[in-house]
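A.B. asks: Have a look at this one before I ask anything.
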Amino acid sequence: MTKYAVMNDETLVEICLLGESGAFEELVMRHENAVMNTAKRVTGSRFTAEDASQDAFVSAWMRLDSLRDRSKFKPWVCAIAKNCAMALLTRYRSVVPDISLHLVENEELSDNPDPELSALLSSETDGELHALVDALGEKLRETIRLHYFEGYSVAEIADLLSVPVGTVKWRLAEGRKQLRKGYGIVEKEYNENETLVSRVMRQVEELKLWRLRRDKTGFEEVYENVLAAVEELEESKEKQHMLADVWLRGAWWIPGKGNDEVYKEIKEAAIKGHNEDVMEAIVSHGYTDVKSEKSIRYFLETIPELEEGGFRKALGYAWFWLGYEYRHANRMEDAFAAFDKVLEVLEPSDVYYANVLAAIRTEKKLAEAVAAGVTNAGIGNMGETYRKIGGKWYFWDEPGYRAGELFWDLELSPMFWLSRCDELIDDPDMKPGDTKTASHGKTTLTCRAADKPVTTPAGTFKNCLVFETDGIYRTESVIAPGVGIVEQTDRKAGTRFVLTAYKVEGEGRIPFAVGNRWDYHAENPAWRVDDEQSMEIVFASEDKVTASVVQFVRKEPDTDTWLGNTIAARQGYCKEDPDNPDNQILVDVEKFLAGAERTAKTRREKVHTAVANKVMRRIFATDENFNLDYTEKGRWNFFGPLTVRSEDDKLLLFEDDWNYSFEWKDWFWKNGRSCFDQYAVGCNFLYDIVDFALGALWSDKWVPGYEEELKFKQYDMDVSGRIRVLEDEAVKTPVGSFSSCRHLIADMQGGLGYWSGHTEFWYAPGVGLVKFLRTVTECGEVKDAVWLLTDCRGMGDGYFPMEDGFFRRYEAQNLENGYHGSVEYTCVEDEEGVTLFKDALGTQDRAEYEKTK
């Protein structure tokens with residue numbers, strides 16, 4: 001018996017409105033028989049009554065806030081069921097002949113086939129019906145024929161086909177469903193063995209759960225099916241509520257469906273359906289100019305509209321980010337007033353309630369530190385939501401911001417780092433040796449052990465579980481059952497978080513109870529850290545938790561180590577211009593560059609240092625404000641370590657590790673020839689552009705004649721296009737001529753403008769990419785930006801060999817107006833994997849640059 005069983009209907013409705021979906025499950029279980037009987041009195045059929053009951057509970061869920069007398073839930077939902085049953089029966093009869101109703105609504109499957117249904121299916125007069133049966137998949141068609149044509153029982157079919165009885169029942173149910181679709185009836189998908197409760201909750205939540213999948217392949221088909229089902233409903237507030245939900249997911253996850261006109265329609269549906277969550281997303285969509293007076297005006301204009309419409313969640317969102325904008329404008333009194341408004345309009349179950357608690361606490365701490373003369377302090381604050389789905393806990397949401405001298409390698413976020421495999425936080429069934437792979441195939445989560453002893457300042461913990469992520473993210477999380485995460489290591493940044501104190505109640509691997517709190521300390525070889533970081537549970541129900549995460553960090557670089565010097569240079573080389581907050585100015589970090597050279601020990605550290613310092617020193621040498629004697633103006637300079645990994649037939653490139661990557665660009669777009677040169681130089685992101693346009697650095701499927709349509713998102717921008725593989729041909733470069741080069745063409749639309757468009761690539765066997773061409777149409781010009789291989793060290797097998805010590809240099813050809821463009825890749829392969837250290841150069845001769853000033 002659950003805690004809800006002893007509560008009356010009025011109490012259940014109230015706490016359900018506060019976000020406890022378990023209370024609604026109790027309402028459904030308590031009244032499903034009454035609702036089913038009400039519907040069946042109208043339809044005369046169990047199957048149609050089930051559909052109507054499902055519709056009724058979905059409608060009740062959506063409209064729960066409109067029930068004025070909370071104690072009258074039962075008669076209210078039964079009245080809804082009666083209306084749903086009448087509407088459903090009318091719709092069925094309008095599209096299906098009376099005789100076919102026996103097919104689509106036959107009673108529960110038994111061991112004895114329904115004689116009337118068997119007669120119908122064996123009839124020679126219903127040719128359309130027989131054609132639909134013939135069109136079923138092999139397994140469904142075979143099972144339908146055995147049961148309805150040949151008279152076999154469910155048990156006999158199970159024995160004949162060597163499958164479980166449940167499988168036979170599912171095939172019969174699925175076959176009937178598809179036959180119903182053949183008559184034009186859209187039927188909600190459900191397994192015959194599922195409870196009505198799970199079907200109702202799945203109908204409401206199914207589409208939203210795609211947010212947990214890193215790979216959205218297949219979403220569009222599901223989206224179209226769900227949208228079609230919603231659009232068939234009669235006009236109502238509930239329909240608009242669902243339309244807003246469905247359209248929003250399409251705008252997020254389907255290329256081409258996220259334009260401003262679509263968001264306008266989504267907003268209209270959200271208003272008509274009073275969809276709180278979608279309206280919050282709409283306000284977020286309009287928040288485009290972060291850290292600006294424009295954003296302050298945007299929120300001040302939006303808040304009255306939200307107050308009038310009664311959109312509580314969106315209102316809390318608006319007040320929170322208005323407070324953030326005020327703090328950026330140094331209006332702290334206004335900021336705290338806005339944060340207080342968040343606490344007024346939201347409930348503890350709302351993630352921004354948890355977020356603002358952290359924001360108020362950290363902002364006060366930072367103000368005290370600054371007043372005391374501390375200059376090396378930074379803050380971070382987050383609200384987090386975790387949801388329990390199918391018995392597993394998932395990471396759902398994490399808004400927040402950072403300020404001051406805080407960087408991501410020291411930020412506490414234990415649940416975030418644990419959840420990098422399709423957002424999974426805790427699967428109770430995972431045991432040592434079990435591995436889960438994220439939907440995009442780029443991250444794995446493995447349970448390594450269940451008996452590790454760990455000692456931290458908070459105590460010694462035995463029999464700890466060890467979970468390790470690999471791939472894009474590389475972390476290790478140690479969980480003491482009944483306590484939570486006691487130690488966590490970011491293996492990329494080298495940061496180890498250790499538990500220093502805790503206060504927990506409840507059960508489970510990670511106990512979630514209101515007031516539970518964990519304090520942590522960050523240890524990192526790059527920094528000497530003094531910090532106060534914690535996570536505290538603000539709200540907890542059976543399937544939802546919100547937590548407040550606080551980060552207050554004071555740090556000094558440890559210049560006795562290579563990592564300390566490297567990170568200090570990376571994170572300290574520029575800062576906000578005090579005279580113009582929208583600009584950055586350079587800060588001298590030569591002592592850290594020299595320190596990195598002095599302390600580098602391994603080959604990886606030495607290569608990293610050599611390439612990074614070369615780029616960093618060039619940035620300072622080509623900056624007109626830092627170096628008055630500059631000879632070239634820095635335009636487009638980048639450093640970054642790129643991870644390369646083989647998967648199946650592909651060689652994949654992963655994003656720069658932003659713990660180490662840095663850049664400096666000074667771009668002035670002008671009319672005239674220099675515009676083309678600038679775009680040509682912008683192609684020094686060469687391998688990144690290859691990976692963007694083709695989906696990989698190389699794939700063995702790229703043989704002459706191969707074609708593929710692509711559709712994806714880049715930085716939330718829609719991208720689509722086509723790649724083609726032409727016949728092999730010879731290519732001449734400054735380092736020599738190459739025969740039998742594989743020639744690929746990609747035509748892409750969308751994404752970053754200087755990456756998309758028409759691009760061509762030539763690969764030489766044993767060498768890799770030797771030529772790149774991009775057609776540039778800018779400032780009235782249409783020209784081909786060509787890059788050629790100009791230096792090459794190391795050869796191997798295949799069309800993109802990659803081994804330790806390999807070096808490739810490419811240069812832009814035929815640039816004018818004093819521009820220079822090149823990119824170098826130096827390969828390191830060791831126990832950490834394969835990394836390409838990128839030096840991307842883009843400069844302009846001083847004399848030519850000064851003509852544009």
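Chain identifiers are assigned as A, B, and so on, following the order in which chains appear in the structure tokens; residues are numbered from 1 within each chain, and ligands are numbered from 1 in order of appearance.
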So that I can check the surroundings of range 138-146 of chain A, please list as a VMD selection string every protein, DNA and RNA residue that reaches within 9 Å of it, counting only C-alpha atoms and ignoring chain neighbours fewer than 5 positions away.
C.D. replies: chain A and resid 121 133 151 to 153 157 161 168 171 to 172 174 to 176
A.B. asks: Residues of range 718-836 of chain A within 12 Å of range 694-703 of chain A: nearest atom pair and distance (Å, one decimal) for each, counting only C-alpha atoms, sorted by chain and number, as JSON lines?
C.D. replies:
```
{"residue": "A:Val719", "atom": "CA", "partner": "A:Gly695", "partner_atom": "CA", "distance": 11.7}
{"residue": "A:Ser720", "atom": "CA", "partner": "A:Leu694", "partner_atom": "CA", "distance": 11.1}
{"residue": "A:Gly721", "atom": "CA", "partner": "A:Leu694", "partner_atom": "CA", "distance": 9.7}
{"residue": "A:Arg722", "atom": "CA", "partner": "A:Leu694", "partner_atom": "CA", "distance": 8.8}
{"residue": "A:Ile723", "atom": "CA", "partner": "A:Leu694", "partner_atom": "CA", "distance": 6.9}
{"residue": "A:Arg724", "atom": "CA", "partner": "A:Trp702", "partner_atom": "CA", "distance": 8.4}
{"residue": "A:Val725", "atom": "CA", "partner": "A:Val703", "partner_atom": "CA", "distance": 6.2}
{"residue": "A:Leu726", "atom": "CA", "partner": "A:Val703", "partner_atom": "CA", "distance": 8.0}
{"residue": "A:Glu727", "atom": "CA", "partner": "A:Val703", "partner_atom": "CA", "distance": 8.3}
{"residue": "A:Asp728", "atom": "CA", "partner": "A:Val703", "partner_atom": "CA", "distance": 9.1}
{"residue": "A:Ser740", "atom": "CA", "partner": "A:Val703", "partner_atom": "CA", "distance": 11.9}
{"residue": "A:Cys741", "atom": "CA", "partner": "A:Val703", "partner_atom": "CA", "distance": 11.1}
{"residue": "A:Arg742", "atom": "CA", "partner": "A:Val703", "partner_atom": "CA", "distance": 7.8}
{"residue": "A:His743", "atom": "CA", "partner": "A:Val703", "partner_atom": "CA", "distance": 9.2}
{"residue": "A:Leu744", "atom": "CA", "partner": "A:Trp702", "partner_atom": "CA", "distance": 8.0}
{"residue": "A:Ile745", "atom": "CA", "partner": "A:Leu694", "partner_atom": "CA", "distance": 8.8}
{"residue": "A:Ala746", "atom": "CA", "partner": "A:Leu694", "partner_atom": "CA", "distance": 6.9}
{"residue": "A:Asp747", "atom": "CA", "partner": "A:Leu694", "partner_atom": "CA", "distance": 9.7}
{"residue": "A:Met748", "atom": "CA", "partner": "A:Leu694", "partner_atom": "CA", "distance": 9.5}
{"residue": "A:Trp755", "atom": "CA", "partner": "A:Leu694", "partner_atom": "CA", "distance": 11.6}
{"residue": "A:Ser756", "atom": "CA", "partner": "A:Leu694", "partner_atom": "CA", "distance": 11.0}
{"residue": "A:His758", "atom": "CA", "partner": "A:Leu694", "partner_atom": "CA", "distance": 11.8}
{"residue": "A:Thr759", "atom": "CA", "partner": "A:Leu694", "partner_atom": "CA", "distance": 9.9}
{"residue": "A:Glu760", "atom": "CA", "partner": "A:Leu694", "partner_atom": "CA", "distance": 10.2}
{"residue": "A:Phe761", "atom": "CA", "partner": "A:Leu694", "partner_atom": "CA", "distance": 9.7}
{"residue": "A:Trp762", "atom": "CA", "partner": "A:Trp698", "partner_atom": "CA", "distance": 11.2}
{"residue": "A:Tyr763", "atom": "CA", "partner": "A:Trp698", "partner_atom": "CA", "distance": 9.1}
{"residue": "A:Ala764", "atom": "CA", "partner": "A:Trp698", "partner_atom": "CA", "distance": 11.7}
{"residue": "A:Pro765", "atom": "CA", "partner": "A:Trp698", "partner_atom": "CA", "distance": 11.8}
{"residue": "A:Gly768", "atom": "CA", "partner": "A:Trp698", "partner_atom": "CA", "distance": 8.9}
{"residue": "A:Leu769", "atom": "CA", "partner": "A:Leu697", "partner_atom": "CA", "distance": 9.0}
{"residue": "A:Gly798", "atom": "CA", "partner": "A:Asp700", "partner_atom": "CA", "distance": 9.0}
{"residue": "A:Tyr799", "atom": "CA", "partner": "A:Trp698", "partner_atom": "CA", "distance": 7.3}
{"residue": "A:Phe800", "atom": "CA", "partner": "A:Trp698", "partner_atom": "CA", "distance": 6.5}
{"residue": "A:Pro801", "atom": "CA", "partner": "A:Trp698", "partner_atom": "CA", "distance": 9.7}
{"residue": "A:Met802", "atom": "CA", "partner": "A:Leu697", "partner_atom": "CA", "distance": 10.9}
```
A.B. asks: Please provide the set of residues having any atom within 10 Å of Lys462 in chain A, restricted to only C-alpha atoms, with same-chain residues fewer than 2 positions apart removed, written as an MDAnalysis selection string.
C.D. replies: chainID A and resid 450:455 460 464:465 479:481
A.B. asks: How would the residues just picked look written out with N, CA and C atoms as a compact mmCIF listing (two decimals), in the first residue's frame?
C.D. replies:
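Wrote it out as again_20.txt, contents follow:
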```txt
# COMPACT_ATOMS: atom_id res chain seq x y z
N ALA A 450 31.35 -3.14 -6.85
CA ALA A 450 30.34 -2.92 -5.82
C ALA A 450 30.91 -3.15 -4.43
N ASP A 451 32.22 -3.18 -4.33
CA ASP A 451 32.85 -3.49 -3.04
C ASP A 451 34.04 -2.59 -2.73
N LYS A 452 34.07 -1.40 -3.31
CA LYS A 452 35.23 -0.53 -3.12
C LYS A 452 35.12 0.22 -1.79
N PRO A 453 36.18 0.19 -0.96
CA PRO A 453 36.19 1.02 0.25
C PRO A 453 36.75 2.40 -0.10
N VAL A 454 36.13 3.45 0.42
CA VAL A 454 36.57 4.82 0.15
C VAL A 454 36.59 5.60 1.46
N THR A 455 37.67 6.35 1.65
CA THR A 455 37.78 7.23 2.81
C THR A 455 37.82 8.67 2.35
N THR A 460 34.68 6.81 6.39
CA THR A 460 35.06 5.67 5.57
C THR A 460 33.80 4.92 5.16
N CYS A 464 31.29 0.28 -1.74
CA CYS A 464 30.82 1.35 -2.64
C CYS A 464 30.72 0.84 -4.07
N LEU A 465 29.74 1.36 -4.78
CA LEU A 465 29.58 1.11 -6.21
C LEU A 465 30.44 2.09 -6.99
N ILE A 479 29.63 5.59 -5.32
CA ILE A 479 28.38 5.75 -4.58
C ILE A 479 28.37 4.80 -3.39
N ALA A 480 28.17 5.35 -2.21
CA ALA A 480 27.96 4.54 -1.01
C ALA A 480 26.45 4.37 -0.83
N PRO A 481 25.91 3.16 -1.02
CA PRO A 481 24.47 2.97 -0.89
C PRO A 481 23.94 3.49 0.44
```
A.B. asks: For Gly821 in chain A, which residue out of A:Val786, A:Leu424, A:Leu586, A:Leu642 is the nearest one, using only C-alpha atoms?
C.D. replies: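 Of A:Val786, A:Leu424, A:Leu586, A:Leu642, the one nearest Gly821 in chain A is A:Val786, counting only C-alpha atoms.
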A.B. asks: Fewer than 4 positions away in the same chain doesn't count, so skip those; otherwise give me all residues within 10 Å of range 294-308 of chain A, counting only C-alpha atoms, as JSON, numbers by chain.
C.D. replies: {"A": [271, 279, 280, 283, 286, 287, 288, 289, 290, 312, 313, 314, 315, 316, 317, 318, 319, 320, 321, 322, 323, 324, 325, 326, 329, 345]}
A.B. asks: Taking into account only C-alpha atoms, which residue in the set A:Ala85, A:Leu653, A:Ala158, A:Val356 is nearest to Val538 in chain A?
C.D. replies: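 Closest to Val538 in chain A of all the choices is A:Val356.
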A.B. asks: Restricting the calculation to only C-alpha atoms, which member of A:Leu12, A:Thr38, A:His274, A:Ala621 is positioned closest to Arg63 in chain A?
C.D. replies: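 Between A:Leu12, A:Thr38, A:His274, A:Ala621, the residue approaching Arg63 in chain A most closely is A:His274.
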A.B. asks: Can you pull out the residues contacting Thr375 in chain A? Cut-off 10 Å, using only C-alpha atoms, and skip same-chain residues under 4 positions away; I want them as a list in words.
C.D. replies: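 Returned residues: Leu366, Ala369, Val370, Ala371, Gly404, Glu405, Arg554 and Lys555 of chain A.
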A.B. asks: Please give the complete set of residues from range 270-484 of chain A that DSSP, run on the backbone, assigns to alpha helix (DSSP H), formatted as an NGL selection string.
C.D. replies: :A and (270-273 or 276-286 or 293-309 or 312-328 or 332-345 or 351-371 or 414-418)
A.B. asks: Show which residues sit within 10 Å of range 237-246 of chain A, as a ChimeraX atom specification. Count only C-alpha atoms, and ignore same-chain residues fewer than 6 positions away.
C.D. replies: /A:58-63,204-205,207-208,223-224,226-227,230-231,263,265-279
